[in-house]
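Engineer: Below is the file query.csv, with CSV, C-alpha atoms.
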chain,number,residue,atom,x,y,z
A,1,MET,CA,261.1,164.8,105.8
A,2,GLU,CA,264.4,164.7,103.8
A,3,PHE,CA,264.1,160.9,103.7
A,4,SER,CA,260.6,161.0,102.1
A,5,ASN,CA,261.8,163.6,99.6
A,6,ASN,CA,264.4,161.2,98.2
A,7,PHE,CA,261.7,158.9,96.8
A,8,SER,CA,259.2,159.4,94.0
A,9,PRO,CA,255.5,159.5,94.7
A,10,THR,CA,255.2,155.9,93.4
A,11,ALA,CA,258.0,154.7,95.6
A,12,ARG,CA,256.4,156.4,98.6
A,13,MET,CA,253.1,154.7,97.9
A,14,ILE,CA,254.8,151.3,97.7
A,15,LEU,CA,256.6,152.0,101.0
A,16,VAL,CA,253.3,153.0,102.7
A,17,GLY,CA,251.6,150.0,101.3
A,18,ALA,CA,254.3,147.7,102.5
A,19,ALA,CA,254.1,149.3,106.0
A,20,ILE,CA,250.4,148.8,106.1
A,21,VAL,CA,250.7,145.1,105.1
A,22,VAL,CA,253.3,144.6,107.9
A,23,LEU,CA,251.0,146.4,110.4
A,24,ILE,CA,248.0,144.3,109.4
A,25,ALA,CA,250.0,141.0,109.6
A,26,GLY,CA,251.3,142.0,113.1
A,27,LEU,CA,247.8,142.8,114.3
A,28,LYS,CA,246.5,139.5,113.0
A,29,SER,CA,249.3,137.5,114.6
A,30,ALA,CA,248.9,139.3,117.9
A,31,SER,CA,245.0,139.3,117.9
A,32,GLY,CA,244.9,137.3,121.1
A,33,ILE,CA,246.6,140.2,122.9
A,34,VAL,CA,245.2,143.1,120.8
A,35,SER,CA,241.6,142.1,121.0
A,36,PRO,CA,241.1,142.3,124.8
A,37,LEU,CA,243.2,145.5,125.0
A,38,LEU,CA,241.0,147.1,122.3
A,39,MET,CA,237.9,146.0,124.1
A,40,ALA,CA,239.3,147.6,127.3
A,41,VAL,CA,240.0,150.8,125.5
A,42,PHE,CA,236.5,151.1,124.2
A,43,ILE,CA,234.9,150.1,127.5
A,44,SER,CA,237.0,152.9,129.1
A,45,ILE,CA,235.8,155.4,126.5
A,46,VAL,CA,232.2,154.5,127.3
A,47,CYS,CA,232.9,154.8,131.1
A,48,THR,CA,234.9,158.1,130.8
A,49,PRO,CA,231.8,160.4,130.9
A,50,ALA,CA,230.5,158.7,134.0
A,51,LEU,CA,234.0,159.1,135.6
A,52,PHE,CA,234.2,162.8,134.8
A,53,TRP,CA,230.6,163.3,136.0
A,54,MET,CA,231.3,161.8,139.4
A,55,GLN,CA,234.5,163.8,139.7
A,56,ARG,CA,232.5,167.0,139.0
A,57,ARG,CA,230.1,166.0,141.7
A,58,GLY,CA,233.0,165.9,144.2
A,59,PHE,CA,233.6,162.1,144.3
A,60,PRO,CA,237.2,161.1,144.8
A,61,THR,CA,238.8,159.4,141.8
A,62,VAL,CA,239.3,156.2,143.8
A,63,VAL,CA,235.6,156.0,144.8
A,64,ALA,CA,234.5,156.8,141.2
A,65,LEU,CA,236.7,154.0,139.8
A,66,ILE,CA,235.4,151.5,142.4
A,67,VAL,CA,231.8,152.3,141.6
A,68,ILE,CA,232.3,152.2,137.8
A,69,LEU,CA,234.4,149.0,137.8
A,70,GLY,CA,232.0,147.4,140.2
A,71,ILE,CA,229.1,148.0,137.9
A,72,VAL,CA,231.0,146.7,134.9
A,73,GLY,CA,232.2,143.7,136.7
A,74,LEU,CA,228.8,142.8,138.1
A,75,LEU,CA,227.2,143.1,134.6
A,76,GLY,CA,229.9,140.9,133.1
A,77,VAL,CA,229.5,138.2,135.8
A,78,ALA,CA,225.7,138.3,135.6
A,79,VAL,CA,225.6,138.0,131.8
A,80,PHE,CA,228.2,135.2,131.9
A,81,SER,CA,226.4,133.2,134.6
A,82,LEU,CA,223.0,133.5,132.9
A,83,ILE,CA,224.4,132.5,129.5
A,84,ALA,CA,226.2,129.5,131.1
A,85,SER,CA,223.1,128.4,132.9
A,86,SER,CA,221.0,128.6,129.7
A,87,LEU,CA,223.5,126.7,127.7
A,88,ASP,CA,223.7,124.0,130.4
A,89,GLN,CA,219.9,123.6,130.3
A,90,PHE,CA,219.9,123.6,126.6
A,91,SER,CA,222.5,120.8,126.5
A,92,ASN,CA,220.4,118.7,129.0
A,93,SER,CA,217.4,119.1,126.6
A,94,LEU,CA,219.3,117.7,123.6
A,95,PRO,CA,217.8,114.1,123.8
A,96,ARG,CA,214.2,115.6,123.6
A,97,TYR,CA,215.3,117.7,120.6
A,98,LYS,CA,216.8,114.7,118.9
A,99,GLN,CA,213.6,112.7,119.3
A,100,ASN,CA,211.5,115.6,117.9
A,101,LEU,CA,213.9,116.0,115.0
A,102,ALA,CA,213.8,112.2,114.2
A,103,ALA,CA,210.0,112.3,114.3
A,104,MET,CA,209.8,115.4,112.1
A,105,TYR,CA,212.3,113.8,109.6
A,106,GLU,CA,210.2,110.6,109.4
A,107,GLN,CA,207.0,112.6,108.9
A,108,PHE,CA,208.6,114.7,106.1
A,109,ASN,CA,210.0,111.6,104.4
A,110,ALA,CA,206.6,109.9,104.5
A,111,THR,CA,205.0,112.9,103.0
A,112,ILE,CA,207.3,113.2,100.0
A,113,MET,CA,207.2,109.4,99.4
A,114,ARG,CA,203.6,109.9,98.4
A,115,TRP,CA,204.9,112.0,95.6
A,116,GLY,CA,207.3,109.4,94.5
A,117,TYR,CA,210.4,110.8,96.2
A,118,SER,CA,212.4,109.7,99.3
A,119,LEU,CA,215.2,111.0,101.5
A,120,PRO,CA,218.3,108.9,102.3
A,121,VAL,CA,218.2,107.3,105.7
A,122,ASP,CA,221.8,108.3,106.5
A,123,GLY,CA,223.6,111.6,105.6
A,124,ILE,CA,220.8,114.2,106.0
A,125,ALA,CA,219.6,112.8,109.3
A,126,GLU,CA,223.1,112.8,110.7
A,127,GLN,CA,223.6,116.4,109.6
A,128,MET,CA,220.2,117.6,110.9
A,129,ASN,CA,221.3,117.1,114.5
A,130,PRO,CA,220.7,119.4,117.4
A,131,ASP,CA,224.4,119.1,118.3
A,132,SER,CA,225.0,121.3,115.2
A,133,LEU,CA,222.9,124.0,116.9
A,134,ILE,CA,225.1,123.8,119.9
A,135,LYS,CA,228.2,124.3,117.6
A,136,LEU,CA,226.5,127.2,116.0
A,137,LEU,CA,225.7,128.8,119.3
A,138,ASN,CA,229.2,128.3,120.5
A,139,TYR,CA,230.6,130.0,117.4
A,140,MET,CA,228.2,132.9,117.8
A,141,LEU,CA,229.0,133.3,121.4
A,142,SER,CA,232.8,132.7,120.9
A,143,GLY,CA,233.5,136.5,120.7
A,144,LEU,CA,231.7,137.1,124.0
A,145,SER,CA,233.2,134.1,125.6
A,146,ASN,CA,236.7,135.2,124.6
A,147,ILE,CA,236.1,138.6,126.1
A,148,LEU,CA,234.7,137.0,129.3
A,149,ALA,CA,237.6,134.5,129.4
A,150,ASP,CA,240.0,137.4,129.3
A,151,GLY,CA,237.9,139.3,131.7
A,152,LEU,CA,240.7,139.8,134.2
A,153,VAL,CA,243.0,141.3,131.6
A,154,VAL,CA,240.2,143.6,130.3
A,155,PHE,CA,239.2,144.5,133.9
A,156,LEU,CA,242.7,145.5,134.9
A,157,ALA,CA,243.3,147.3,131.6
A,158,VAL,CA,240.1,149.4,132.1
A,159,LEU,CA,241.3,150.1,135.7
A,160,PHE,CA,244.6,151.5,134.6
A,161,ILE,CA,243.2,153.4,131.6
A,162,LEU,CA,240.6,155.1,133.6
A,163,ALA,CA,243.1,155.9,136.3
A,164,GLU,CA,245.2,157.7,133.7
A,165,VAL,CA,242.3,159.5,132.0
A,166,ALA,CA,242.2,162.3,134.6
A,167,ASN,CA,245.8,163.2,133.9
A,168,LEU,CA,245.7,162.5,130.2
A,169,PRO,CA,244.9,166.0,129.0
A,170,ASN,CA,247.9,167.5,130.8
A,171,LYS,CA,250.2,164.7,129.6
A,172,LEU,CA,249.1,165.3,126.0
A,173,ARG,CA,249.6,169.0,126.2
A,174,HIS,CA,253.3,168.5,127.3
A,175,ALA,CA,254.0,165.6,124.9
A,176,LEU,CA,252.4,166.9,121.6
A,177,LYS,CA,253.6,169.7,119.4
A,178,SER,CA,250.1,171.0,118.7
A,179,PRO,CA,248.1,169.9,121.7
A,180,ASP,CA,245.0,172.0,120.9
A,181,GLN,CA,244.5,170.3,117.6
A,182,SER,CA,245.3,166.9,118.9
A,183,MET,CA,242.9,167.3,121.8
A,184,LYS,CA,240.1,168.4,119.4
A,185,ARG,CA,240.7,165.3,117.3
A,186,LEU,CA,240.7,163.1,120.4
A,187,GLN,CA,237.5,164.7,121.7
A,188,ALA,CA,235.9,164.4,118.2
A,189,PHE,CA,236.7,160.7,118.1
A,190,THR,CA,235.6,159.9,121.7
A,191,GLY,CA,232.4,161.9,121.1
A,192,LYS,CA,231.5,160.0,118.0
A,193,VAL,CA,232.4,156.6,119.5
A,194,ILE,CA,230.4,157.4,122.7
A,195,ARG,CA,227.4,158.6,120.6
A,196,TYR,CA,227.5,155.5,118.4
A,197,LEU,CA,227.9,153.0,121.2
A,198,ALA,CA,225.2,154.7,123.3
A,199,LEU,CA,222.7,154.8,120.4
A,200,LYS,CA,223.6,151.2,119.3
A,201,ALA,CA,223.3,150.0,122.9
A,202,ALA,CA,219.8,151.6,123.1
A,203,THR,CA,218.6,150.0,119.9
A,204,SER,CA,220.2,146.7,120.9
A,205,VAL,CA,218.3,146.8,124.2
A,206,LEU,CA,215.1,147.5,122.3
A,207,THR,CA,215.8,144.7,119.9
A,208,ALA,CA,216.5,142.2,122.8
A,209,ILE,CA,213.2,143.2,124.6
A,210,CYS,CA,211.2,142.8,121.4
A,211,VAL,CA,212.8,139.4,120.7
A,212,ALA,CA,212.1,138.3,124.2
A,213,VAL,CA,208.5,139.3,124.0
A,214,VAL,CA,208.0,137.6,120.6
A,215,LEU,CA,209.6,134.4,121.8
A,216,TRP,CA,207.8,134.4,125.1
A,217,ILE,CA,204.4,134.8,123.3
A,218,LEU,CA,205.4,131.8,121.0
A,219,LYS,CA,206.6,129.8,124.0
A,220,ILE,CA,210.1,129.3,122.7
A,221,ASP,CA,212.6,127.9,125.3
A,222,TYR,CA,215.5,129.9,126.6
A,223,VAL,CA,214.1,133.4,125.9
A,224,PHE,CA,216.9,135.1,127.9
A,225,LEU,CA,219.6,133.4,125.9
A,226,TRP,CA,218.2,134.4,122.6
A,227,ALA,CA,217.6,138.0,123.8
A,228,VAL,CA,221.2,138.3,125.0
A,229,LEU,CA,222.4,136.9,121.8
A,230,ALA,CA,220.3,139.4,119.8
A,231,PHE,CA,221.6,142.3,122.0
A,232,PHE,CA,225.3,141.5,121.4
A,233,LEU,CA,225.1,140.5,117.8
A,234,ASN,CA,223.1,143.6,117.0
A,235,PHE,CA,226.4,145.5,117.3
A,236,ILE,CA,227.7,143.6,114.3
A,237,PRO,CA,226.5,145.5,111.2
A,238,TYR,CA,224.2,143.8,108.6
A,239,VAL,CA,224.8,140.1,109.5
A,240,GLY,CA,224.6,140.3,113.2
A,241,SER,CA,220.8,140.5,113.5
A,242,VAL,CA,220.4,137.7,110.9
A,243,LEU,CA,222.8,135.4,112.8
A,244,ALA,CA,221.0,136.1,116.1
A,245,GLY,CA,217.7,134.7,114.7
A,246,ILE,CA,219.1,131.4,113.3
A,247,PRO,CA,219.3,129.5,116.5
A,248,ALA,CA,215.8,130.5,117.7
A,249,VAL,CA,214.3,129.7,114.4
A,250,LEU,CA,215.9,126.2,114.3
A,251,LEU,CA,214.9,125.5,117.9
A,252,ALA,CA,211.3,126.5,117.1
A,253,LEU,CA,211.4,124.2,114.0
A,254,VAL,CA,212.6,121.3,116.1
A,255,ASP,CA,210.5,121.8,119.2
A,256,HIS,CA,207.3,123.3,117.8
A,257,GLY,CA,207.1,122.7,114.0
A,258,LEU,CA,207.2,124.6,110.8
A,259,VAL,CA,204.4,127.0,111.5
A,260,THR,CA,205.9,128.3,114.7
A,261,ALA,CA,209.3,128.6,113.0
A,262,LEU,CA,207.8,130.7,110.3
A,263,TRP,CA,206.2,133.0,113.0
A,264,VAL,CA,209.5,133.3,114.8
A,265,THR,CA,211.2,134.2,111.4
A,266,ALA,CA,208.5,136.8,110.7
A,267,GLY,CA,209.0,138.3,114.2
A,268,TYR,CA,212.7,138.7,113.7
A,269,VAL,CA,212.2,140.2,110.2
A,270,VAL,CA,209.7,142.7,111.5
A,271,ILE,CA,211.9,143.7,114.5
A,272,ASN,CA,215.0,144.1,112.3
A,273,ILE,CA,213.2,146.2,109.7
A,274,VAL,CA,211.5,148.5,112.2
A,275,ILE,CA,214.5,148.9,114.6
A,276,GLY,CA,217.4,148.4,112.3
A,277,ASN,CA,216.3,150.0,109.1
A,278,ILE,CA,213.9,152.7,110.4
A,279,ILE,CA,214.7,153.7,114.0
A,280,GLU,CA,218.4,153.1,114.0
A,281,THR,CA,218.9,154.7,110.6
A,282,ARG,CA,217.1,157.9,111.7
A,283,LEU,CA,219.1,158.1,114.9
A,284,MET,CA,222.5,157.4,113.4
A,285,GLY,CA,222.2,158.6,109.9
A,286,GLY,CA,223.9,161.9,110.5
A,287,GLY,CA,226.3,160.8,113.2
A,288,LEU,CA,227.9,157.7,111.7
A,289,ASN,CA,228.8,159.3,108.4
A,290,LEU,CA,230.3,156.2,106.9
A,291,SER,CA,229.2,154.8,103.5
A,292,SER,CA,227.4,151.4,103.5
A,293,PHE,CA,230.2,149.8,101.4
A,294,VAL,CA,232.8,151.0,103.9
A,295,VAL,CA,230.8,149.6,106.8
A,296,PHE,CA,230.5,146.2,105.0
A,297,VAL,CA,234.2,146.0,104.1
A,298,SER,CA,235.3,147.1,107.6
A,299,LEU,CA,233.1,144.3,109.0
A,300,ILE,CA,234.9,141.7,106.9
A,301,PHE,CA,238.3,143.2,107.3
A,302,TRP,CA,238.3,143.6,111.1
A,303,GLY,CA,236.6,140.3,111.5
A,304,TRP,CA,239.4,138.6,109.6
A,305,VAL,CA,242.1,140.5,111.5
A,306,LEU,CA,240.8,140.3,115.1
A,307,GLY,CA,238.1,137.7,114.9
A,308,PRO,CA,234.6,138.2,116.5
A,309,VAL,CA,235.9,141.1,118.6
A,310,GLY,CA,237.0,142.8,115.4
A,311,MET,CA,233.5,142.4,114.0
A,312,PHE,CA,232.1,143.8,117.3
A,313,LEU,CA,234.4,146.9,117.1
A,314,SER,CA,234.5,147.3,113.3
A,315,ILE,CA,232.6,150.6,113.3
A,316,PRO,CA,234.6,152.4,116.1
A,317,LEU,CA,237.9,151.2,114.6
A,318,THR,CA,236.9,152.5,111.1
A,319,MET,CA,235.7,155.8,112.6
A,320,LEU,CA,239.2,156.1,114.2
A,321,ILE,CA,240.9,155.5,110.8
A,322,THR,CA,238.6,158.1,109.1
A,323,ILE,CA,239.4,160.7,111.7
A,324,ALA,CA,243.1,160.0,111.4
A,325,LEU,CA,242.8,160.4,107.6
A,326,GLU,CA,241.0,163.7,108.0
A,327,SER,CA,243.8,165.1,110.0
A,328,GLY,CA,246.3,164.9,107.1
A,329,PRO,CA,246.1,167.1,104.1
A,330,ASP,CA,247.2,164.4,101.7
A,331,SER,CA,244.8,161.8,103.1
A,332,GLN,CA,241.6,163.9,103.4
A,333,ARG,CA,240.4,162.8,100.0
A,334,ILE,CA,240.5,159.1,101.1
A,335,ALA,CA,238.5,160.1,104.2
A,336,GLN,CA,235.9,161.8,102.0
A,337,LEU,CA,235.6,158.7,99.9
A,338,MET,CA,234.9,156.6,103.0
A,339,GLN,CA,232.1,158.9,104.2
A,340,ASN,CA,228.5,159.4,103.0
A,341,THR,CA,228.0,162.2,100.4
A,342,HIS,CA,225.1,164.5,101.1
So, in terms of structure tokens, how does the structure I just supplied come out?
Structural biologist:
Amino acid sequence: MEFSNNFSPTARMILVGAAIVVLIAGLKSASGIVSPLLMAVFISIVCTPALFWMQRRGFPTVVALIVILGIVGLLGVAVFSLIASSLDQFSNSLPRYKQNLAAMYEQFNATIMRWGYSLPVDGIAEQMNPDSLIKLLNYMLSGLSNILADGLVVFLAVLFILAEVANLPNKLRHALKSPDQSMKRLQAFTGKVIRYLALKAATSVLTAICVAVVLWILKIDYVFLWAVLAFFLNFIPYVGSVLAGIPAVLLALVDHGLVTALWVTAGYVVINIVIGNIIETRLMGGGLNLSSFVVFVSLIFWGWVLGPVGMFLSIPLTMLITIALESGPDSQRIAQLMQNTH
């Protein structure tokens, strides 16, 4: 306290800003370690209510941990296996997609030549290659792939975090000066994160089911792959649902033509409007309590710092910062600026 009183308000702001810059640089340089650990923390937060429920029903802690971790592990392995199988089949179908794309390119070029125009033989044809769709898919799935690649680290971290959860309240009461207030803040944060993730997971499942139905009706290949992609990318605010539709639309264009691609686009647009803008807004409107601008900036910021995992966790991380700012009397105004005004 005496150290801070020796500086003027301007000097203190400069010192705080410098400390924040150093912290951000450290997080970015250590993103390879921080990202899986953060993922483990939020998986543990989601699993904590199930752990407490099983303990209240008389299950030993070891048995509860085995059941929860078994379910998490089986889900991860199943998703990874199905995605890998779909991508392998997609790669094997590339020659057919290349032939379809070449035929479509020649037909389009012949059509515009009637109007006195023509497309270059090289350049555009090389860029319009199904291989680019594979690259796009790999980029979109890179965040999920990184999580699955670090699956052992995440799995062990979740194990140790959940093992400590049962004794965490007692430890915090002995370690903190004001344990009651700290526990209330911790419960408020975990409650908001669990509610957000639960509602987001529900709307993401609904989105994935609707996407699968639309693509199945239109006979688009690899329905499961596009549905899983829609589920995970729906957790990324604003741009996730748009990115999820690009591969399916491109595949429909190459494999079925322009009319089917337009129908696929219309299906994604309707699904995103109904679920994302109507259902999700009504469910989360009062619970998220973050302004749209803050959500957008947090998406860019955490994506830059932590990569795809940061985009995936941008909302929970921003909620944590908001709750931390609300706890300090000097920073409450900043927290209010980050929230929606009613």
Engineer: In Å, how far is it from atom CA of Leu186 of chain A to atom CA of Ile33 of chain A?
Structural biologist: 23.8 Å
Engineer: Let me make sure I understand: among A:Val269, A:Leu51, A:Val228, A:Met13, which one has the smallest atom-to-atom distance to Ala78 of chain A if we use only C-alpha atoms?
Structural biologist: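 Of A:Val269, A:Leu51, A:Val228, A:Met13, the one nearest Ala78 of chain A is A:Val228, counting only C-alpha atoms.
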Engineer: When you look at Leu197 of chain A with a cut-off of 12 Å (counting all atoms listed in the file), what residues show up, excluding the ones that are within fewer than 3 positions of it in the same chain? I need them as a PyMOL selection string.
Structural biologist: chain A and resi 42-43+45-47+190-194+200-205+232+234-236+280+283-284+287-288+312-316+319
Engineer: Within 8 Å of Leu69 of chain A, counting all atoms listed in the file, which residues qualify if same-chain residues fewer than 3 places away don't, as a VMD selection string?
Structural biologist: chain A and resid 65 to 66 72 to 73 155 159
Engineer: Restricting it to C-alpha atoms, dump the selection as a compact mmCIF listing (two decimals), in the frame of the given file.
Structural biologist:
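selection-v4.txt was written with the following content:
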# COMPACT_ATOMS: atom_id res chain seq x y z
CA LEU A 65 236.70 154.00 139.80
CA ILE A 66 235.40 151.50 142.40
CA VAL A 72 231.00 146.70 134.90
CA GLY A 73 232.20 143.70 136.70
CA PHE A 155 239.20 144.50 133.90
CA LEU A 159 241.30 150.10 135.70
Engineer: Excluding Ala25 of chain A and its own-chain neighbours fewer than 5 positions away, which residues fall within 12 Å of it when counting all atoms listed in the file? Please give them as a PyMOL selection string.
Structural biologist: chain A and resi 18-20+30-31+304-306
Engineer: May I ask for the distance between atom CA of Ala230 of chain A and atom CA of Ala50 of chain A, given in Å to one decimal place?
Structural biologist: 26.0 Å
Engineer: Using all atoms listed in the file, which of A:Leu162, A:Val249, A:Ser35, A:Ser298 sits nearest Pro49 of chain A?
Structural biologist: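 Between A:Leu162, A:Val249, A:Ser35, A:Ser298, the residue approaching Pro49 of chain A most closely is A:Leu162.
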Engineer: Please list as JSON, numbers by chain every residue within 10 Å of segment 256-266 of chain A, counting all atoms listed in the file and excluding residues in the same chain fewer than 3 positions away.
Structural biologist: {"A": [100, 101, 104, 211, 214, 215, 218, 219, 220, 242, 245, 246, 248, 249, 250, 251, 252, 253, 269, 270, 271, 272]}
Engineer: When you draw a straight line from atom CA of Leu75 of chain A to atom CA of Phe160 of chain A, how long is it in Å?
Structural biologist: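 Value for the atom CA of Leu75 of chain A-atom CA of Phe160 of chain A distance: 19.3 Å.
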Engineer: When you count all atoms listed in the file, which of these residues is closest to Ser93 of chain A: A:Tyr268, A:Met311, A:Asp255, A:Arg333?
Structural biologist: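 Using all atoms listed in the file, Ser93 of chain A sits closest to A:Asp255.
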Engineer: Measuring atom to atom with all atoms listed in the file, identify which of A:Ile321, A:Val254, A:Val77, A:Leu37 is nearest to Leu156 of chain A.
Structural biologist: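 So, comparing all the options, the nearest one is A:Leu37.
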